[in-house]
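File shown here: start03.cif, holding mmCIF, C-alpha atoms.
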```cif
data_structure
#
loop_
_atom_site.label_atom_id
_atom_site.label_comp_id
_atom_site.auth_asym_id
_atom_site.auth_seq_id
_atom_site.Cartn_x
_atom_site.Cartn_y
_atom_site.Cartn_z
CA MET A 145 52.24 26.02 -7.33
CA LEU A 146 55.61 24.43 -8.01
CA SER A 147 56.42 22.60 -11.23
CA ARG A 148 55.91 18.84 -11.11
CA LYS A 149 59.62 18.16 -10.77
CA ASN A 150 60.20 20.75 -8.05
CA ALA A 151 57.14 19.60 -6.14
CA PHE A 152 58.36 15.99 -6.29
CA ILE A 153 61.83 16.98 -5.03
CA LYS A 154 60.31 19.02 -2.18
CA GLY A 155 58.19 15.99 -1.27
CA LEU A 156 61.25 13.71 -1.31
CA HIS A 157 63.01 16.12 1.02
CA ASP A 158 60.12 16.39 3.48
CA GLY A 159 59.62 12.62 3.30
CA ILE A 160 63.12 11.72 4.54
CA PRO A 161 62.48 12.05 8.30
CA ILE A 162 59.18 10.22 7.83
CA GLY A 163 60.88 7.37 5.97
CA LEU A 164 63.54 7.00 8.66
CA GLY A 165 60.96 6.95 11.45
CA TYR A 166 58.85 4.45 9.54
CA PHE A 167 61.83 2.18 9.00
CA ALA A 168 62.44 1.83 12.74
CA VAL A 169 58.79 1.42 13.71
CA ALA A 170 58.16 -1.03 10.86
CA ILE A 171 60.83 -3.36 12.26
CA ALA A 172 58.54 -3.95 15.24
CA ILE A 173 55.61 -4.61 12.88
CA GLY A 174 57.73 -7.08 10.91
CA ILE A 175 58.76 -8.93 14.06
CA ALA A 176 55.16 -9.12 15.28
CA ALA A 177 53.91 -10.20 11.83
CA HIS A 178 56.46 -12.99 11.65
CA ARG A 179 55.57 -14.15 15.16
CA ALA A 180 51.88 -14.15 14.19
CA GLY A 181 52.65 -16.61 11.40
CA MET A 182 53.25 -14.38 8.37
CA SER A 183 56.09 -15.17 5.99
CA ILE A 184 58.67 -12.44 5.28
CA VAL A 185 57.09 -11.81 1.87
CA GLN A 186 53.58 -11.61 3.34
CA ALA A 187 54.73 -9.08 5.95
CA GLY A 188 56.39 -6.98 3.24
CA VAL A 189 53.33 -7.10 0.96
CA MET A 190 51.07 -6.17 3.89
CA SER A 191 53.15 -3.08 4.65
CA PHE A 192 53.51 -2.05 1.00
CA THR A 193 49.77 -2.34 0.34
CA ASN A 194 48.44 -0.99 3.67
CA VAL A 195 50.94 1.63 4.88
CA THR A 196 49.27 1.99 8.27
CA SER A 197 50.99 1.31 11.59
CA ALA A 198 47.96 1.03 13.87
CA GLY A 199 45.95 -0.95 11.31
CA GLU A 200 48.76 -3.41 10.66
CA ALA A 201 49.58 -3.78 14.36
CA ALA A 202 45.93 -4.57 15.09
CA ALA A 203 45.75 -6.99 12.14
CA VAL A 204 48.83 -8.83 13.34
CA GLY A 205 47.35 -9.02 16.83
CA LEU A 206 44.10 -10.42 15.43
CA LEU A 207 45.95 -12.97 13.30
CA ALA A 208 47.95 -14.12 16.30
CA ALA A 209 44.76 -14.52 18.36
CA GLY A 210 42.75 -16.05 15.53
CA THR A 211 40.12 -14.01 13.70
CA THR A 212 37.54 -13.92 10.93
CA TYR A 213 37.53 -11.97 7.65
CA LEU A 214 34.59 -9.88 8.90
CA GLU A 215 36.34 -9.01 12.15
CA MET A 216 39.48 -8.08 10.19
CA ALA A 217 37.53 -5.77 7.87
CA LEU A 218 35.61 -4.11 10.72
CA THR A 219 38.77 -3.60 12.77
CA GLN A 220 40.52 -1.91 9.84
CA LEU A 221 37.45 0.23 9.27
CA VAL A 222 37.31 1.46 12.86
CA ILE A 223 41.03 1.83 13.48
CA ASN A 224 41.68 3.59 10.19
CA ILE A 225 38.52 5.68 10.06
CA ARG A 226 40.55 8.70 11.12
CA TYR A 227 41.91 8.69 7.55
CA LEU A 228 38.39 9.58 6.49
CA LEU A 229 38.68 12.99 8.13
CA MET A 230 42.23 13.44 6.87
CA SER A 231 41.16 12.63 3.32
CA CYS A 232 38.26 15.07 3.66
CA ALA A 233 40.69 17.80 4.70
CA LEU A 234 43.14 16.85 1.95
CA SER A 235 40.40 16.94 -0.68
CA GLN A 236 40.39 20.71 -0.13
CA LYS A 237 44.16 20.99 -0.54
CA PHE A 238 44.41 19.86 -4.15
CA PRO A 239 43.46 22.03 -7.14
CA ALA A 240 39.77 21.73 -8.09
CA ASP A 241 40.72 20.96 -11.67
CA MET A 242 43.16 18.20 -10.73
CA PRO A 243 42.55 15.07 -12.85
CA LEU A 244 40.62 12.42 -10.94
CA ILE A 245 43.41 9.86 -11.42
CA HIS A 246 45.59 11.90 -9.07
CA ARG A 247 42.90 11.75 -6.36
CA PHE A 248 42.90 7.95 -6.68
CA CYS A 249 46.72 7.83 -6.49
CA VAL A 250 47.23 10.30 -3.65
CA SER A 251 44.67 8.35 -1.56
CA PHE A 252 47.01 5.37 -1.37
CA GLY A 253 49.46 7.03 1.01
CA VAL A 254 47.31 9.11 3.37
CA THR A 255 49.07 8.35 6.66
CA ASP A 256 49.14 10.48 9.81
CA GLU A 257 52.56 11.88 8.89
CA ILE A 258 51.99 12.38 5.15
CA PHE A 259 48.70 14.08 6.01
CA ALA A 260 50.52 16.30 8.50
CA ILE A 261 53.12 17.59 6.03
CA THR A 262 50.56 17.98 3.21
CA ALA A 263 47.92 19.77 5.30
CA ALA A 264 50.61 22.06 6.72
CA LYS A 265 51.38 23.51 3.26
CA THR A 266 49.75 26.80 2.42
CA GLY A 267 47.70 27.12 -0.76
CA ALA A 268 47.04 24.42 -3.33
CA VAL A 269 49.32 21.37 -3.18
CA SER A 270 50.63 19.50 -6.21
CA PRO A 271 49.96 15.74 -6.06
CA PHE A 272 53.60 15.35 -7.08
CA TYR A 273 54.59 16.71 -3.67
CA CYS A 274 52.80 13.71 -2.12
CA TYR A 275 54.36 11.31 -4.63
CA GLY A 276 57.79 12.60 -3.60
CA ALA A 277 57.03 11.94 0.07
CA PHE A 278 55.59 8.49 -0.82
CA ALA A 279 58.82 7.65 -2.68
CA VAL A 280 60.77 7.81 0.60
CA ALA A 281 58.14 6.94 3.20
CA ILE A 282 56.61 3.82 1.62
CA PRO A 283 59.95 2.07 0.88
CA GLY A 284 61.10 2.97 4.43
CA TRP A 285 57.97 1.36 5.85
CA THR A 286 58.14 -1.73 3.58
CA ILE A 287 61.88 -2.40 3.95
CA GLY A 288 61.65 -1.91 7.73
CA THR A 289 58.91 -4.55 7.84
CA LEU A 290 60.96 -6.97 5.72
CA VAL A 291 64.01 -6.48 7.94
CA GLY A 292 61.90 -7.00 11.08
CA ALA A 293 60.31 -10.17 9.73
CA TRP A 294 63.71 -11.41 8.58
CA VAL A 295 65.85 -10.77 11.69
CA GLY A 296 62.93 -11.22 14.09
CA SER A 297 63.62 -14.95 14.20
CA ILE A 298 67.33 -14.37 14.91
CA LEU A 299 66.97 -11.69 17.61
CA PRO A 300 66.86 -12.79 21.28
CA THR A 301 63.34 -13.00 22.74
CA ALA A 302 64.11 -10.19 25.21
CA VAL A 303 64.97 -7.80 22.38
CA VAL A 304 61.89 -8.81 20.36
CA THR A 305 59.61 -8.23 23.37
CA ALA A 306 61.23 -4.84 23.97
CA LEU A 307 60.91 -3.72 20.34
CA GLY A 308 57.27 -4.82 20.25
CA VAL A 309 56.52 -2.25 22.95
CA SER A 310 57.99 0.54 20.78
CA LEU A 311 54.63 0.79 18.97
CA TYR A 312 52.87 1.68 22.18
CA GLY A 313 55.57 4.25 22.77
CA MET A 314 54.76 5.67 19.36
CA PHE A 315 51.06 5.83 20.24
CA ALA A 316 51.90 7.69 23.45
CA ALA A 317 53.99 10.17 21.45
CA ILE A 318 50.95 10.82 19.23
CA VAL A 319 48.36 11.13 22.03
CA VAL A 320 50.20 12.86 24.88
CA PRO A 321 51.38 16.17 23.31
CA PRO A 322 47.87 17.25 22.15
CA ALA A 323 46.40 15.90 25.42
CA LYS A 324 48.73 18.23 27.30
CA GLU A 325 47.20 21.22 25.49
CA ASN A 326 43.60 19.99 25.35
CA HIS A 327 41.86 18.72 28.49
CA VAL A 328 39.08 17.05 26.51
CA ILE A 329 41.63 14.92 24.64
CA ALA A 330 43.35 14.12 27.94
CA GLY A 331 40.07 13.17 29.62
CA SER A 332 38.93 11.11 26.62
CA ALA A 333 42.24 9.26 26.47
CA LEU A 334 42.02 8.38 30.18
CA ALA A 335 38.37 7.35 29.82
CA ALA A 336 39.27 5.17 26.83
CA MET A 337 42.03 3.43 28.78
CA ALA A 338 39.77 2.91 31.81
CA MET A 339 36.97 1.49 29.66
CA SER A 340 39.35 -0.69 27.69
CA PHE A 341 40.71 -2.02 30.98
CA LEU A 342 37.21 -2.72 32.36
CA LEU A 343 36.27 -4.61 29.20
CA THR A 344 39.27 -6.91 29.68
CA VAL A 345 38.44 -7.79 33.30
CA LEU A 346 34.63 -7.72 33.65
CA PRO A 347 32.84 -11.08 33.43
CA VAL A 348 31.35 -11.95 30.00
CA LEU A 349 32.66 -8.70 28.46
CA LYS A 350 36.22 -9.93 28.82
CA ASN A 351 35.43 -12.58 26.20
CA LEU A 352 35.15 -9.91 23.50
CA SER A 353 37.99 -10.04 21.00
CA SER A 354 40.48 -7.17 21.21
CA GLY A 355 39.22 -5.86 17.84
CA PHE A 356 35.65 -5.44 19.01
CA ARG A 357 36.77 -4.10 22.37
CA ILE A 358 38.63 -1.31 20.54
CA ILE A 359 35.62 -0.66 18.28
CA ILE A 360 33.24 -0.34 21.25
CA VAL A 361 35.51 1.92 23.29
CA THR A 362 36.34 4.13 20.31
CA VAL A 363 32.76 4.68 19.17
CA LEU A 364 31.30 5.25 22.66
CA VAL A 365 34.01 7.54 24.03
CA SER A 366 34.37 9.54 20.79
CA ALA A 367 30.61 10.06 20.60
CA ALA A 368 30.51 11.17 24.25
CA ALA A 369 33.41 13.58 23.73
CA ALA A 370 31.83 15.00 20.56
CA PHE A 371 28.43 15.34 22.25
CA PHE A 372 29.59 17.03 25.46
CA PHE A 373 32.58 18.92 24.06
CA PRO A 374 31.86 19.75 20.40
CA LEU A 375 34.61 21.62 18.59
CA LYS A 376 34.25 25.33 18.14
CA ASP A 377 33.73 26.45 14.58
CA GLU A 378 37.24 26.36 13.12
CA ASP A 379 38.93 24.51 15.96
CA GLY A 380 41.24 21.75 14.83
CA LYS A 381 39.62 21.25 11.47
CA GLU A 382 42.90 20.18 9.94
CA ARG A 383 44.58 19.01 13.10
CA SER A 384 47.16 16.35 12.31
CA THR A 385 47.70 13.40 14.56
CA MET B 154 41.59 -18.30 7.04
CA SER B 155 44.18 -17.38 4.45
CA ILE B 156 46.75 -14.74 5.36
CA TRP B 157 46.81 -13.53 1.74
CA VAL B 158 43.04 -12.98 1.80
CA CYS B 159 43.40 -11.10 5.10
CA ILE B 160 46.06 -8.82 3.61
CA PHE B 161 43.85 -8.16 0.59
CA ILE B 162 40.82 -7.32 2.79
CA MET B 163 42.91 -5.00 4.99
CA ALA B 164 44.39 -3.20 1.99
CA LEU B 165 41.00 -2.85 0.31
CA VAL B 166 39.20 -1.48 3.39
CA THR B 167 42.05 0.89 4.22
CA TYR B 168 42.30 2.16 0.63
CA LEU B 169 38.54 2.72 0.38
CA ILE B 170 38.57 4.77 3.60
CA ARG B 171 41.34 6.95 2.22
CA MET B 172 40.04 7.16 -1.34
CA LEU B 173 36.28 7.73 -1.01
CA PRO B 174 36.39 11.16 0.71
CA LEU B 175 39.15 12.41 -1.59
CA VAL B 176 37.26 11.38 -4.69
CA LEU B 177 33.67 12.06 -3.58
CA ILE B 178 33.73 14.97 -1.15
CA ARG B 179 35.11 18.32 -2.16
CA ARG B 180 33.14 20.46 0.28
CA LYS B 181 34.25 21.07 3.88
CA ILE B 182 32.51 18.96 6.54
CA GLU B 183 30.06 21.29 8.30
CA ASN B 184 28.33 18.92 10.73
CA ARG B 185 29.72 19.85 14.13
CA PHE B 186 29.09 16.52 15.86
CA LEU B 187 30.69 14.50 13.05
CA ARG B 188 33.67 16.83 12.88
CA SER B 189 34.17 16.59 16.65
CA PHE B 190 33.69 12.81 16.64
CA LEU B 191 36.38 12.35 13.99
CA TYR B 192 38.65 14.86 15.68
CA TYR B 193 38.73 13.03 19.02
CA LEU B 194 38.65 9.52 17.54
CA PRO B 195 42.36 8.88 16.80
CA TYR B 196 43.46 9.77 20.33
CA ILE B 197 40.76 7.57 21.82
CA THR B 198 41.51 4.60 19.55
CA LEU B 199 45.25 4.75 20.22
CA SER B 200 44.66 5.06 23.98
CA ALA B 201 42.31 2.07 24.02
CA MET B 202 44.81 0.04 22.02
CA THR B 203 47.71 0.92 24.31
CA PHE B 204 46.12 0.21 27.67
CA PRO B 205 45.91 -2.39 29.10
CA ALA B 206 47.55 -4.25 26.16
CA ILE B 207 51.02 -2.86 26.93
CA LEU B 208 50.90 -4.65 30.31
CA THR B 209 50.41 -8.08 28.76
CA GLU B 210 52.78 -7.71 25.78
CA THR B 211 55.76 -7.92 28.08
CA THR B 212 57.13 -10.74 30.24
CA TYR B 213 56.18 -8.94 33.46
CA ILE B 214 53.31 -6.49 34.05
CA TRP B 215 55.63 -3.93 35.64
CA SER B 216 58.04 -3.80 32.69
CA GLY B 217 55.11 -2.79 30.44
CA ALA B 218 53.91 -0.31 33.07
CA ALA B 219 57.40 1.20 33.35
CA ALA B 220 57.60 1.53 29.55
CA LEU B 221 54.25 3.31 29.50
CA ILE B 222 55.31 5.73 32.24
CA VAL B 223 58.60 6.50 30.46
CA ALA B 224 56.78 6.98 27.12
CA VAL B 225 54.24 9.37 28.67
CA LEU B 226 56.94 11.38 30.48
CA LEU B 227 59.05 11.75 27.33
CA SER B 228 55.95 12.63 25.27
CA LEU B 229 55.08 15.35 27.78
CA ARG B 230 58.48 16.81 26.98
CA LYS B 231 57.54 16.62 23.27
CA LYS B 232 60.27 14.16 22.35
CA SER B 233 60.04 12.80 18.80
CA LEU B 234 58.06 9.72 17.86
CA ILE B 235 61.16 7.62 17.30
CA THR B 236 62.83 8.74 20.56
CA VAL B 237 59.77 7.81 22.60
CA ALA B 238 59.35 4.49 20.77
CA LEU B 239 62.96 3.44 21.36
CA ALA B 240 62.98 4.66 24.99
CA ALA B 241 59.92 2.50 25.72
CA SER B 242 61.76 -0.51 24.28
CA ALA B 243 64.92 0.25 26.24
CA THR B 244 62.89 0.51 29.45
CA VAL B 245 61.42 -2.96 28.93
CA LEU B 246 64.87 -4.39 28.25
CA VAL B 247 66.37 -2.85 31.41
CA VAL B 248 63.45 -3.62 33.75
CA GLU B 249 63.18 -7.22 32.55
CA GLY B 250 66.95 -7.68 32.75
CA VAL B 251 67.06 -6.45 36.34
CA THR B 252 64.02 -8.55 37.31
CA ASN B 253 65.56 -11.66 35.77
CA TYR B 254 68.79 -10.97 37.62
CA ILE B 255 66.99 -10.73 40.97
CA VAL B 256 64.88 -13.85 40.34
CA ASN B 257 67.31 -16.09 38.45
CA GLY B 258 70.70 -14.52 39.03
CA ALA B 259 71.13 -13.94 35.27
CA PHE B 260 70.06 -10.98 33.14
CA PHE B 261 68.60 -13.02 30.26
#
```

Mind turning this structure into structure tokens?
Amino acid sequence: MLSRKNAFIKGLHDGIPIGLGYFAVAIAIGIAAHRAGMSIVQAGVMSFTNVTSAGEAAAVGLLAAGTTYLEMALTQLVINIRYLLMSCALSQKFPADMPLIHRFCVSFGVTDEIFAITAAKTGAVSPFYCYGAFAVAIPGWTIGTLVGAWVGSILPTAVVTALGVSLYGMFAAIVVPPAKENHVIAGSALAAMAMSFLLTVLPVLKNLSSGFRIIIVTVLVSAAAAFFFPLKDEDGKERST
Amino acid sequence: MSIWVCIFIMALVTYLIRMLPLVLIRRKIENRFLRSFLYYLPYITLSAMTFPAILTETTYIWSGAAALIVAVLLSLRKKSLITVALAASATVLVVEGVTNYIVNGAFF
């Protein structure tokens, strides 16, 4: 394992592309947050304390539509529950004798991308590697959000609408490549979209809030996929998203 | 409904999800169903969030649809996250500009 300083520097280095990507995507979050009624400071604090694109996008959507604290908590739970698996995988990556305080600190920044670079390392990983990546990625995410919330009110509506769609583009870029290789992922993704669509048009069901619609689709389709197409023993156990 | 309380709840729930397994579980998950469920989940959640929402986020349904098609095509070619995200935005801008021009005689 590298020394603390070297591990931190390596993490900084690997975190640069993540930070740049986050900056651009966070601008869309900032714009949406501001439109949903958040102040610039609130948008920045949300990004700094949450560091989760899908979770924040959903939260902003819920705020714009009107929501309850319970619905907000449940939505975050369901949308971010993938971090549970990532954290399980990461718990194996750190030295067994690592002080517990580092487990509490490393937890703060478990994102899809940070997980990906950490899980990809061979052997035990120093927590300082993660801190190095955090030091670039989290400011990139937070500053991007602040900039989005700040200029969002100045930008023309057409540009704001266009940038808001960039998040869905990001989701496609996460889902499509593995779906191309794995027919179960492809089929599940299509089933999820079909079910999500049905729940927005069918009588009565269309009155569900978007948060609960996502919860229902996610739980049902994931359970069906896991039941009919369980993973083989070692398949994808540390697959990043 | 206070926005500050919402932000606190979000941050707390998200942190607990990330922290609890790292602090509590040190063994590998062995249950096959649970492992499979969590493996497929992110793709399913993101898909459900994208469609049909992308169609109603934009001014016209077809500009959202065009953005989705472009995003999927570029993703099939394994373009980076940021490339796909910006291409989806550019598509919306172009399609809505052209539509406005046809309907109103002005791009925006």

Report task. Using the chain letters and numbering of this document, enumerate as number ranges by chain the residues selected by the PyMOL selection byres ((chain A) within 6 of (chain B)). Result -> A: 165, 190, 193-194, 226-228, 231-232, 235, 247, 251, 306-307, 309-310, 312-317, 319-321, 333, 336-337, 340-341, 362, 366-367, 370, 374-375

**Report entry** Surrounding residues of segment 238-242 of chain A excluding itself and chain neighbours under 4 positions, 7 Å, only C-alpha atoms, as JSON, numbers by chain
**Finding:** {"A": [234, 246, 268, 269, 270]}

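Between Thr289 of chain A and the candidates A:Lys149, A:Lys237, A:His178, A:Lys324, the tightest atom-to-atom separation, counting all atoms listed in the file, involves A:His178.
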
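Atom CA of Ile162 of chain A sits 6.9 Å away from atom CA of Glu257 of chain A.
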
Report task. In Å, rounded to a single decimal, give me how far atom CA of Leu349 of chain A is from atom CA of Leu214 of chain A. Result ->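 If I compute the distance from atom CA of Leu214 of chain A to atom CA of Leu349 of chain A, I get 19.7 Å.
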
Requested in this report: With a distance cut-off of 12 Å and all atoms listed in the file, select the neighbouring residues of His157 of chain A, excluding the residue or stretch itself and same-chain residues fewer than 5 positions from it, and output the selection as a ChimeraX atom specification.
Outcome: /A:150-152,162-164,261,273-281

Report task. Compare A:Ala176, A:Val254, A:Ala293, A:Met216 by their minimum atom-to-atom distance to Ala201 of chain A, counting all atoms listed in the file, and give me the closest one. Result ->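 Smallest distance to Ala201 of chain A is found for A:Ala176.
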
Report task. Find the distance between atom CA of Val295 of chain A and atom CA of Ser183 of chain A and write it in Å to one decimal. Result -> 12.1 Å

Report summary line: Counting only C-alpha atoms, closest pick from A:Ala260, A:Val361, A:Ile287, A:Leu352 relative to Phe192 of chain A is A:Ile287

Query raised in the report: If you apply the PyMOL selection byres ((chain A and resi 175) around 12) to this file, what residues do you get, as a ChimeraX atom specification?
Result: /A:168-174,176-184,187-188,200-201,204-205,288-301,303-311

Could you work out an axis-aligned box for segment 326-335 of chain A, taking every atom the file lists and adding 3 Å on each side, and report centre and edge lengths in Å to one decimal, as lines of an AutoDock Vina configuration file?
```
center_x = 41.0
center_y = 13.7
center_z = 27.4
size_x = 11.2
size_y = 18.6
size_z = 11.5
```
